[in-house]
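For reference, my_file.csv is printed below; it contains CSV, C-alpha atoms and all ligand atoms.
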```
chain,number,residue,atom,x,y,z
A,24,MET,CA,-6.8,25.9,-20.9
A,25,SER,CA,-5.1,22.6,-20.4
A,26,LYS,CA,-3.4,22.2,-17.0
A,27,ILE,CA,-0.7,19.7,-15.9
A,28,VAL,CA,-0.8,18.1,-12.5
A,29,LEU,CA,2.1,16.2,-10.8
A,30,GLY,CA,1.2,13.4,-8.4
A,31,VAL,CA,3.5,11.8,-5.7
A,32,GLU,CA,2.7,8.4,-4.3
A,33,SER,CA,4.5,6.9,-1.3
A,34,THR,CA,1.9,5.2,1.0
A,35,ALA,CA,3.6,1.7,1.1
A,36,HIS,CA,6.0,-0.2,-1.1
A,37,THR,CA,5.8,2.1,-4.0
A,38,ALA,CA,7.4,5.5,-4.6
A,39,ALA,CA,6.0,7.1,-7.7
A,40,VAL,CA,5.7,10.3,-9.7
A,41,GLY,CA,3.1,10.8,-12.4
A,42,LEU,CA,2.1,13.7,-14.7
A,43,ILE,CA,-1.3,14.1,-16.3
A,44,THR,CA,-3.2,16.8,-18.1
A,45,SER,CA,-6.6,18.1,-17.1
A,46,GLU,CA,-8.0,16.2,-20.1
A,47,GLY,CA,-6.7,12.9,-18.7
A,48,LYS,CA,-3.7,12.5,-21.0
A,49,ILE,CA,-1.0,10.6,-19.1
A,50,LEU,CA,2.4,12.2,-19.7
A,51,SER,CA,4.5,10.2,-17.4
A,52,ASN,CA,4.1,7.3,-14.9
A,53,ILE,CA,7.3,6.4,-13.1
A,54,ARG,CA,7.6,4.0,-10.2
A,55,ALA,CA,10.2,2.3,-7.9
A,56,VAL,CA,9.1,-0.5,-5.6
A,57,TYR,CA,10.8,-1.4,-2.3
A,58,ILE,CA,11.3,-5.1,-2.0
A,59,PRO,CA,12.2,-6.4,1.5
A,60,GLU,CA,15.2,-8.7,1.7
A,61,GLU,CA,13.1,-11.0,3.9
A,62,GLY,CA,9.7,-10.9,5.7
A,63,GLY,CA,7.1,-8.2,5.2
A,64,ILE,CA,7.5,-4.5,4.6
A,65,HIS,CA,9.5,-2.6,7.2
A,66,PRO,CA,8.1,1.0,7.2
A,67,ARG,CA,11.3,2.8,7.9
A,68,GLU,CA,13.3,0.8,5.4
A,69,ALA,CA,10.6,1.5,2.8
A,70,ALA,CA,10.7,5.2,3.7
A,71,ASN,CA,14.5,5.2,3.2
A,72,HIS,CA,14.0,3.6,-0.2
A,73,HIS,CA,11.5,6.3,-1.1
A,74,SER,CA,13.7,9.2,0.0
A,75,GLU,CA,16.6,7.7,-2.0
A,76,LYS,CA,14.5,7.1,-5.2
A,77,LEU,CA,12.1,10.1,-5.3
A,78,PRO,CA,14.6,12.7,-6.6
A,79,PHE,CA,15.3,10.4,-9.5
A,80,LEU,CA,11.6,9.7,-10.1
A,81,PHE,CA,10.9,13.4,-10.4
A,82,LYS,CA,13.8,13.8,-12.8
A,83,ALA,CA,12.7,10.8,-14.9
A,84,ALA,CA,9.1,12.0,-15.0
A,85,PHE,CA,10.2,15.3,-16.5
A,86,GLU,CA,12.5,13.6,-18.9
A,87,GLU,CA,9.8,11.2,-20.1
A,88,SER,CA,7.3,14.0,-20.5
A,89,ASN,CA,9.6,16.6,-21.9
A,90,LEU,CA,8.3,19.1,-19.4
A,91,THR,CA,9.8,21.4,-16.8
A,92,PRO,CA,8.5,22.2,-13.3
A,93,GLN,CA,7.2,25.5,-14.7
A,94,ASP,CA,4.6,23.6,-16.7
A,95,VAL,CA,3.0,22.2,-13.5
A,96,SER,CA,-0.1,23.8,-12.1
A,97,LEU,CA,-0.5,21.6,-9.0
A,98,VAL,CA,1.5,19.1,-7.0
A,99,ALA,CA,-0.7,16.5,-5.4
A,100,TYR,CA,0.5,13.8,-2.9
A,101,ALA,CA,-1.0,10.8,-1.3
A,102,ARG,CA,-1.7,12.0,2.3
A,103,GLY,CA,-3.1,8.7,3.5
A,104,PRO,CA,-4.0,6.1,4.4
A,105,GLY,CA,-0.6,4.5,4.6
A,106,LEU,CA,2.6,3.8,6.6
A,107,GLY,CA,3.6,6.9,8.6
A,108,PRO,CA,7.3,7.1,7.7
A,109,CYS,CA,6.5,6.4,4.0
A,110,LEU,CA,3.7,9.1,4.0
A,111,ARG,CA,6.0,11.6,5.6
A,112,THR,CA,8.7,11.0,3.0
A,113,GLY,CA,6.4,11.5,0.0
A,114,ALA,CA,4.8,14.5,1.6
A,115,THR,CA,8.2,16.1,2.3
A,116,ALA,CA,9.4,15.5,-1.3
A,117,ALA,CA,6.2,16.9,-2.7
A,118,ARG,CA,6.3,19.9,-0.4
A,119,ALA,CA,9.9,20.6,-1.2
A,120,PHE,CA,9.3,20.4,-4.9
A,121,ALA,CA,6.1,22.5,-4.7
A,122,TYR,CA,7.5,25.2,-2.5
A,123,SER,CA,10.8,25.6,-4.3
A,124,ASN,CA,8.9,25.9,-7.6
A,125,ASP,CA,6.1,28.0,-6.2
A,126,ILE,CA,3.4,25.6,-7.2
A,127,PRO,CA,0.2,24.9,-5.0
A,128,LEU,CA,0.2,21.7,-3.0
A,129,LEU,CA,-2.6,19.4,-2.1
A,130,GLY,CA,-2.8,16.2,-0.1
A,131,VAL,CA,-5.3,13.6,-1.4
A,132,ASN,CA,-6.8,10.3,-0.3
A,133,HIS,CA,-5.0,7.2,-1.8
A,134,CYS,CA,-8.1,5.0,-1.9
A,135,VAL,CA,-10.3,7.6,-3.5
A,136,ALA,CA,-7.5,8.1,-6.1
A,137,HIS,CA,-7.8,4.3,-7.0
A,138,LEU,CA,-11.6,5.0,-7.6
A,139,GLU,CA,-11.3,8.2,-9.5
A,140,ILE,CA,-8.8,6.8,-12.0
A,141,GLY,CA,-11.6,4.5,-13.1
A,142,ILE,CA,-13.3,7.7,-14.4
A,143,LEU,CA,-10.6,7.8,-17.0
A,144,GLU,CA,-11.6,4.4,-18.2
A,145,GLY,CA,-15.2,5.7,-18.8
A,146,ALA,CA,-16.9,5.0,-15.5
A,147,THR,CA,-19.1,7.8,-14.1
A,148,ASP,CA,-20.2,6.7,-10.6
A,149,PRO,CA,-18.7,3.3,-9.8
A,150,VAL,CA,-18.3,0.9,-7.0
A,151,LEU,CA,-14.6,0.3,-6.5
A,152,LEU,CA,-13.3,-3.1,-5.6
A,153,TYR,CA,-9.9,-2.2,-4.2
A,154,LEU,CA,-7.6,-5.1,-3.7
A,155,SER,CA,-4.0,-4.3,-2.8
A,156,GLY,CA,-1.2,-5.3,-0.5
A,157,GLY,CA,-2.5,-3.6,2.7
A,158,ASN,CA,-5.9,-2.5,1.6
A,159,THR,CA,-9.0,-4.6,0.8
A,160,GLN,CA,-12.1,-2.4,0.5
A,161,VAL,CA,-15.3,-1.9,-1.4
A,162,ILE,CA,-15.9,1.9,-1.8
A,163,ALA,CA,-18.5,4.0,-3.4
A,164,TYR,CA,-19.8,7.5,-3.4
A,165,ALA,CA,-23.1,7.9,-1.5
A,166,ALA,CA,-24.8,10.8,0.3
A,167,GLY,CA,-22.0,13.3,-0.2
A,168,ARG,CA,-19.1,11.0,0.9
A,169,PHE,CA,-17.1,8.1,-0.3
A,170,ARG,CA,-18.3,5.2,1.9
A,171,VAL,CA,-16.5,2.1,2.7
A,172,PHE,CA,-19.2,-0.6,2.2
A,173,GLY,CA,-17.0,-3.5,3.2
A,174,GLU,CA,-13.4,-4.2,4.1
A,175,THR,CA,-11.1,-6.8,5.4
A,176,LEU,CA,-11.3,-7.5,9.1
A,177,ASP,CA,-7.7,-8.7,9.3
A,178,ILE,CA,-5.0,-8.6,6.6
A,179,GLY,CA,-5.1,-7.1,3.2
A,180,ILE,CA,-5.7,-9.7,0.4
A,181,GLY,CA,-2.3,-8.9,-1.3
A,182,ASN,CA,-0.4,-9.2,2.0
A,183,GLY,CA,-2.2,-12.5,2.6
A,184,LEU,CA,-1.1,-13.8,-0.9
A,185,ASP,CA,2.4,-12.5,-0.3
A,186,LYS,CA,2.6,-14.2,3.2
A,187,PHE,CA,1.4,-17.6,1.8
A,188,ALA,CA,3.8,-17.4,-1.1
A,189,ARG,CA,6.7,-16.5,1.2
A,190,GLU,CA,5.8,-19.6,3.4
A,191,ALA,CA,5.7,-21.7,0.3
A,192,GLY,CA,9.2,-20.6,-0.5
A,193,MET,CA,8.4,-18.1,-3.3
A,194,GLY,CA,9.8,-14.6,-3.3
A,195,PHE,CA,8.1,-11.2,-3.0
A,196,PRO,CA,5.7,-10.2,-4.5
A,197,GLY,CA,3.8,-13.4,-4.1
A,198,GLY,CA,0.6,-12.5,-5.8
A,199,PRO,CA,1.9,-12.7,-9.4
A,200,LYS,CA,4.0,-15.8,-8.7
A,201,LEU,CA,1.0,-17.6,-7.3
A,202,GLU,CA,-1.1,-16.6,-10.3
A,203,LYS,CA,1.4,-18.2,-12.7
A,204,ILE,CA,1.4,-21.5,-10.8
A,205,ALA,CA,-2.4,-21.6,-9.9
A,206,LYS,CA,-3.4,-24.2,-12.4
A,207,GLY,CA,-5.2,-26.7,-10.2
A,208,PRO,CA,-6.6,-29.2,-10.9
A,209,GLU,CA,-8.0,-29.7,-7.5
A,210,LEU,CA,-10.4,-27.1,-5.9
A,211,LEU,CA,-9.7,-27.6,-2.2
A,212,ASP,CA,-12.1,-26.6,0.6
A,213,LEU,CA,-10.7,-23.4,2.3
A,214,PRO,CA,-12.4,-21.1,4.7
A,215,TYR,CA,-14.7,-18.7,2.9
A,216,SER,CA,-15.0,-15.8,5.3
A,217,VAL,CA,-17.6,-13.2,4.3
A,218,LYS,CA,-19.2,-11.6,7.3
A,219,GLY,CA,-22.0,-9.2,6.1
A,220,MET,CA,-20.1,-6.8,3.9
A,221,ASP,CA,-16.7,-7.6,5.4
A,222,LEU,CA,-14.0,-10.2,4.6
A,223,ALA,CA,-11.3,-12.1,6.4
A,224,PHE,CA,-8.2,-13.7,4.9
A,225,SER,CA,-5.8,-14.8,7.6
A,226,GLY,CA,-7.7,-18.1,8.3
A,227,LEU,CA,-7.8,-18.8,4.6
A,228,MET,CA,-4.0,-18.4,4.3
A,229,THR,CA,-3.3,-20.5,7.4
A,230,SER,CA,-5.5,-23.2,6.1
A,231,ALA,CA,-3.8,-23.0,2.6
A,232,LYS,CA,-0.4,-23.5,4.2
A,233,SER,CA,-1.6,-26.6,6.1
A,234,LYS,CA,-3.0,-28.0,2.9
A,235,LEU,CA,0.4,-27.5,1.3
A,236,ASP,CA,2.1,-29.2,4.3
A,237,SER,CA,-0.2,-32.1,4.1
A,238,GLY,CA,0.9,-32.9,0.6
A,239,TYR,CA,-1.4,-31.1,-1.9
A,240,SER,CA,0.4,-29.6,-4.8
A,241,LEU,CA,1.2,-25.9,-4.8
A,242,ALA,CA,-0.6,-25.6,-8.1
A,243,SER,CA,-3.9,-26.9,-6.5
A,244,VAL,CA,-3.5,-24.9,-3.3
A,245,ALA,CA,-2.7,-21.6,-5.2
A,246,TYR,CA,-5.6,-22.2,-7.5
A,247,SER,CA,-7.9,-22.8,-4.5
A,248,VAL,CA,-6.7,-19.7,-2.7
A,249,GLN,CA,-7.4,-17.5,-5.7
A,250,GLU,CA,-10.8,-19.0,-6.4
A,251,THR,CA,-11.9,-18.6,-2.8
A,252,ALA,CA,-10.4,-15.2,-2.0
A,253,PHE,CA,-11.6,-13.7,-5.3
A,254,ALA,CA,-15.1,-15.2,-5.0
A,255,MET,CA,-15.3,-13.5,-1.5
A,256,ALA,CA,-14.3,-10.2,-3.0
A,257,CYS,CA,-16.8,-10.5,-5.9
A,258,GLU,CA,-19.6,-11.4,-3.5
A,259,VAL,CA,-19.1,-8.3,-1.4
A,260,SER,CA,-18.8,-6.1,-4.5
A,261,GLU,CA,-22.0,-7.5,-5.9
A,262,ARG,CA,-23.8,-6.8,-2.7
A,263,ALA,CA,-22.5,-3.2,-2.6
A,264,LEU,CA,-23.7,-2.8,-6.2
A,265,ALA,CA,-27.1,-4.2,-5.3
A,266,HIS,CA,-27.3,-2.0,-2.2
A,267,THR,CA,-26.3,1.3,-3.9
A,268,GLY,CA,-28.1,0.5,-7.2
A,269,LYS,CA,-25.0,1.5,-9.1
A,270,ASN,CA,-24.3,-0.1,-12.4
A,271,GLU,CA,-20.5,0.3,-12.8
A,272,LEU,CA,-17.7,-1.7,-11.1
A,273,VAL,CA,-14.0,-0.5,-11.2
A,274,LEU,CA,-11.1,-2.7,-10.1
A,275,GLY,CA,-8.1,-1.2,-8.4
A,276,GLY,CA,-5.0,-2.2,-6.4
A,277,GLY,CA,-2.1,-4.5,-7.3
A,278,VAL,CA,-4.2,-7.7,-6.9
A,279,ALA,CA,-6.5,-6.3,-9.7
A,280,CYS,CA,-3.6,-7.1,-12.1
A,281,ASN,CA,-4.7,-10.8,-11.7
A,282,SER,CA,-6.3,-12.2,-14.8
A,283,ARG,CA,-8.5,-14.6,-12.9
A,284,LEU,CA,-9.9,-11.9,-10.7
A,285,ARG,CA,-10.5,-9.7,-13.7
A,286,GLU,CA,-12.4,-12.6,-15.4
A,287,MET,CA,-14.5,-13.3,-12.3
A,288,ALA,CA,-15.4,-9.6,-11.9
A,289,MET,CA,-16.3,-9.5,-15.6
A,290,ILE,CA,-18.6,-12.6,-15.3
A,291,MET,CA,-20.3,-11.2,-12.2
A,292,SER,CA,-20.8,-7.8,-14.0
A,293,GLN,CA,-22.2,-9.5,-17.2
A,294,GLU,CA,-24.6,-11.5,-15.1
A,295,ARG,CA,-25.8,-8.4,-13.4
A,296,GLY,CA,-26.0,-6.5,-16.6
A,297,ILE,CA,-23.6,-3.8,-15.4
A,298,LYS,CA,-20.3,-2.5,-16.8
A,299,CYS,CA,-16.9,-3.5,-15.4
A,300,PHE,CA,-13.9,-1.2,-15.9
A,301,VAL,CA,-10.5,-2.7,-15.6
A,302,PRO,CA,-7.7,-0.1,-15.7
A,303,GLU,CA,-4.5,-1.1,-17.3
A,304,ARG,CA,-2.1,-2.8,-14.9
A,305,ALA,CA,0.2,0.3,-14.5
A,306,LEU,CA,-2.9,2.2,-13.2
A,307,CYS,CA,-4.1,-0.6,-10.9
A,308,VAL,CA,-0.9,-0.7,-8.9
A,309,ASP,CA,0.1,2.2,-6.7
A,310,ASN,CA,1.1,5.1,-9.0
A,311,GLY,CA,1.5,8.8,-9.2
A,312,VAL,CA,-0.9,9.3,-12.1
A,313,MET,CA,-4.0,8.5,-10.0
A,314,ILE,CA,-2.8,10.9,-7.3
A,315,ALA,CA,-2.3,13.7,-9.9
A,316,TRP,CA,-5.7,13.0,-11.4
A,317,LEU,CA,-7.6,13.2,-8.1
A,318,GLY,CA,-5.6,16.3,-7.3
A,319,TYR,CA,-6.8,17.8,-10.6
A,320,LYS,CA,-10.4,16.9,-9.8
A,321,MET,CA,-10.2,18.5,-6.4
A,322,MET,CA,-8.5,21.6,-7.7
A,323,SER,CA,-11.0,22.0,-10.5
A,324,ALA,CA,-13.8,21.9,-8.0
A,325,ASP,CA,-12.3,24.8,-6.0
A,326,TYR,CA,-11.2,22.6,-3.2
A,327,ASN,CA,-9.3,24.9,-0.8
A,328,VAL,CA,-5.8,23.9,-1.7
A,329,SER,CA,-3.8,26.1,0.7
A,330,GLU,CA,-5.6,25.1,3.9
A,331,LYS,CA,-5.7,21.3,3.5
A,332,ASP,CA,-2.1,20.6,2.8
A,333,ASN,CA,-0.4,20.9,6.1
A,334,ILE,CA,-1.1,17.7,8.0
A,335,VAL,CA,0.1,14.2,7.3
A,336,ASP,CA,-2.6,12.1,9.0
A,337,GLN,CA,-2.0,8.4,9.1
A,338,LYS,CA,-5.6,7.7,10.0
A,339,TYR,CA,-6.8,9.8,7.0
A,340,ARG,CA,-10.2,8.2,6.5
A,341,THR,CA,-11.9,7.8,3.1
A,342,ASP,CA,-15.3,8.8,4.5
A,343,MET,CA,-13.8,12.0,6.0
A,344,VAL,CA,-12.9,13.4,2.5
A,345,GLU,CA,-14.7,16.6,1.8
A,346,VAL,CA,-16.1,15.8,-1.6
A,347,THR,CA,-16.5,19.0,-3.6
A,348,TRP,CA,-15.9,17.7,-7.1
A,349,ARG,CA,-19.0,15.6,-7.6
B,401,LIG,P1,-0.3,-2.5,-4.2
B,401,LIG,O1,-0.3,-2.5,-2.7
B,401,LIG,O2,-1.6,-2.0,-4.7
B,401,LIG,O3,0.8,-1.8,-4.9
B,401,LIG,O4,-0.3,-4.0,-4.7
B,401,LIG,C1,0.7,-4.9,-4.3
B,401,LIG,C2,0.1,-6.2,-4.1
B,401,LIG,O5,-0.5,-6.7,-5.3
B,401,LIG,C3,1.1,-7.3,-3.6
B,401,LIG,O6,0.6,-7.9,-2.5
B,401,LIG,C4,1.2,-8.2,-4.8
B,401,LIG,O7,1.4,-9.6,-4.4
B,401,LIG,C5,-0.2,-8.1,-5.4
B,401,LIG,N1,-0.2,-8.4,-6.9
B,401,LIG,C6,0.4,-7.9,-7.9
B,401,LIG,N2,0.2,-8.5,-9.0
B,401,LIG,C7,-0.7,-9.5,-8.7
B,401,LIG,C8,-1.3,-10.6,-9.5
B,401,LIG,N3,-1.1,-10.7,-10.8
B,401,LIG,N4,-2.1,-11.5,-8.8
B,401,LIG,C9,-2.3,-11.3,-7.5
B,401,LIG,N5,-1.7,-10.4,-6.7
B,401,LIG,C10,-0.9,-9.5,-7.3
B,402,MG,MG,-3.0,1.3,-3.4
```

Serialized structure, structure tokens:
Amino acid sequence: MSKIVLGVESTAHTAAVGLITSEGKILSNIRAVYIPEEGGIHPREAANHHSEKLPFLFKAAFEESNLTPQDVSLVAYARGPGLGPCLRTGATAARAFAYSNDIPLLGVNHCVAHLEIGILEGATDPVLLYLSGGNTQVIAYAAGRFRVFGETLDIGIGNGLDKFAREAGMGFPGGPKLEKIAKGPELLDLPYSVKGMDLAFSGLMTSAKSKLDSGYSLASVAYSVQETAFAMACEVSERALAHTGKNELVLGGGVACNSRLREMAMIMSQERGIKCFVPERALCVDNGVMIAWLGYKMMSADYNVSEKDNIVDQKYRTDMVEVTWR
């Protein structure tokens, strides 16, 4: 029988509620994004935003789907990794909703959710290139766990783009604004920092700012930042594909909305003779649907729902997830 799962996302900027059926039909995908007035994300302000918005997001999700809480078989929430105050707010909302409607509750891993939503696109056992604000990782399932094959050694790629854009006088979020302006024509020499399977972005962004200060056009600097940062990400993904022998790549995270990144990942995949799955933009950014979908997968694999829901662990590690659904 078809089941409906509700997912709550609140790990960073985004508060979101999604509803999905066990067949993968998306019934609702509602989000609200905290935008700082200045500077980067302030965890407590973001948490306040989420606690203000979440009741309306629940309401809107039920209105959009024409469902009632009684239709829901499981409430899943993003248990980590993320910002402590934000995680706590989402967990509290999910718990209050689940307990008051007598629905089982399950905390799930946010990064794994970005990977598993790729299954809806047709992937079976992919490598995930996960490029978001705070997270930059290459993740794949191997030997019973989701393994982080490579990751940033300093800032997340999205936070790097946002910081450079902010210093260049553009508002938040910077990634999409830079994409619009990244026309070139000059490809400038910027630090290309791939260290084994890991990446670093802060030197790249600092160097980009000094290029801008020395008179290069924003169009050329933005273009060069994209070309360099995305080539680094594609290189590490390709090495993870080679290492694992997998033949599917999935893109995830807000930066995966970028058309040039999508194009580069497609070209690399074609050249390797593998498939590249690019979820629609509303499923690349942080969303409640992916949380609900992973919750369903775990529930359907008899994951012990009642025992695992009671801790909000900021350090919730991807490779510590007990994988019972594969
Ligand atoms: P997330 O943390 O996954 O919700 O993604 C948010 C990040 O994605 C922010 O750092 C945005 O600047 C970035 N982002 C969103 N759209 C784009 C885009 N089209 N190109 C590059 N970065 C983007
Ligand atoms: Mg994310």

Residues within 8 Å of region 254-266 of chain A, only C-alpha atoms, excluding chain neighbours under 3 positions, as a PDB file with C-alpha atoms, in the frame of the given file:
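File part-v1.pdb, as written:
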```pdb
ATOM      1  CA  VAL A 150     -18.300   0.900  -7.000  1.00  0.00           C
ATOM      2  CA  LEU A 151     -14.600   0.300  -6.500  1.00  0.00           C
ATOM      3  CA  LEU A 152     -13.300  -3.100  -5.600  1.00  0.00           C
ATOM      4  CA  VAL A 161     -15.300  -1.900  -1.400  1.00  0.00           C
ATOM      5  CA  PHE A 172     -19.200  -0.600   2.200  1.00  0.00           C
ATOM      6  CA  GLY A 173     -17.000  -3.500   3.200  1.00  0.00           C
ATOM      7  CA  TYR A 215     -14.700 -18.700   2.900  1.00  0.00           C
ATOM      8  CA  SER A 216     -15.000 -15.800   5.300  1.00  0.00           C
ATOM      9  CA  VAL A 217     -17.600 -13.200   4.300  1.00  0.00           C
ATOM     10  CA  MET A 220     -20.100  -6.800   3.900  1.00  0.00           C
ATOM     11  CA  ASP A 221     -16.700  -7.600   5.400  1.00  0.00           C
ATOM     12  CA  LEU A 222     -14.000 -10.200   4.600  1.00  0.00           C
ATOM     13  CA  GLU A 250     -10.800 -19.000  -6.400  1.00  0.00           C
ATOM     14  CA  THR A 251     -11.900 -18.600  -2.800  1.00  0.00           C
ATOM     15  CA  LYS A 269     -25.000   1.500  -9.100  1.00  0.00           C
ATOM     16  CA  ASN A 270     -24.300  -0.100 -12.400  1.00  0.00           C
ATOM     17  CA  GLU A 271     -20.500   0.300 -12.800  1.00  0.00           C
ATOM     18  CA  LEU A 272     -17.700  -1.700 -11.100  1.00  0.00           C
ATOM     19  CA  MET A 287     -14.500 -13.300 -12.300  1.00  0.00           C
ATOM     20  CA  ALA A 288     -15.400  -9.600 -11.900  1.00  0.00           C
ATOM     21  CA  MET A 291     -20.300 -11.200 -12.200  1.00  0.00           C
TER      22      MET A 291
END
```

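Shortest separation to ligand MG 402 (chain B) among A:Ala305, A:Ile297, A:Leu284, A:Leu77 occurs at residue A:Ala305, atoms counted being only C-alpha atoms and all ligand atoms.
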
For ligand LIG 401 (chain B), collect every residue having any atom at a distance of at most 10 Å from a ligand atom (counting only C-alpha atoms and all ligand atoms); output as a ChimeraX atom specification. /A:34-38,56,134,137,153-159,179-186,188,194-203,249,253,275-285,304-310

So that I can check the surroundings of Ala191 (chain A), please list as a ChimeraX atom specification every protein, DNA and RNA residue that reaches within 9 Å of it, counting all atoms listed in the file and ignoring chain neighbours fewer than 6 positions away. /A:232,235,241

Write out as a list in words which residues come within 8 Å of Ala83 (chain A) when counting only C-alpha atoms, dropping same-chain ones fewer than 4 positions away. Ile53, Phe79 and Glu87 of chain A

Quick one: write out the picked residues with C-alpha atoms as a PDB file, in the frame of the given file?
```pdb
ATOM      1  CA  ILE A  53       7.300   6.400 -13.100  1.00  0.00           C
ATOM      2  CA  PHE A  79      15.300  10.400  -9.500  1.00  0.00           C
ATOM      3  CA  GLU A  87       9.800  11.200 -20.100  1.00  0.00           C
TER       4      GLU A  87
END
```

Counting all atoms listed in the file, which residues sit no farther than 12 Å from the position (-21.3, 5.8, 3.8) in the file's frame? I'd like them as a PDB file with C-alpha atoms, in the coordinates of the input.
```pdb
ATOM      1  CA  VAL A 161     -15.300  -1.900  -1.400  1.00  0.00           C
ATOM      2  CA  ILE A 162     -15.900   1.900  -1.800  1.00  0.00           C
ATOM      3  CA  ALA A 163     -18.500   4.000  -3.400  1.00  0.00           C
ATOM      4  CA  TYR A 164     -19.800   7.500  -3.400  1.00  0.00           C
ATOM      5  CA  ALA A 165     -23.100   7.900  -1.500  1.00  0.00           C
ATOM      6  CA  ALA A 166     -24.800  10.800   0.300  1.00  0.00           C
ATOM      7  CA  GLY A 167     -22.000  13.300  -0.200  1.00  0.00           C
ATOM      8  CA  ARG A 168     -19.100  11.000   0.900  1.00  0.00           C
ATOM      9  CA  PHE A 169     -17.100   8.100  -0.300  1.00  0.00           C
ATOM     10  CA  ARG A 170     -18.300   5.200   1.900  1.00  0.00           C
ATOM     11  CA  VAL A 171     -16.500   2.100   2.700  1.00  0.00           C
ATOM     12  CA  PHE A 172     -19.200  -0.600   2.200  1.00  0.00           C
ATOM     13  CA  GLY A 173     -17.000  -3.500   3.200  1.00  0.00           C
ATOM     14  CA  ALA A 263     -22.500  -3.200  -2.600  1.00  0.00           C
ATOM     15  CA  HIS A 266     -27.300  -2.000  -2.200  1.00  0.00           C
ATOM     16  CA  THR A 267     -26.300   1.300  -3.900  1.00  0.00           C
ATOM     17  CA  ARG A 340     -10.200   8.200   6.500  1.00  0.00           C
ATOM     18  CA  THR A 341     -11.900   7.800   3.100  1.00  0.00           C
ATOM     19  CA  ASP A 342     -15.300   8.800   4.500  1.00  0.00           C
ATOM     20  CA  MET A 343     -13.800  12.000   6.000  1.00  0.00           C
ATOM     21  CA  VAL A 344     -12.900  13.400   2.500  1.00  0.00           C
TER      22      VAL A 344
END
```

Between A:Ile314, A:Val28, A:Met193, A:Ala116, single out the one closest to ligand MG 402 (chain B), counting only C-alpha atoms and all ligand atoms. A:Ile314
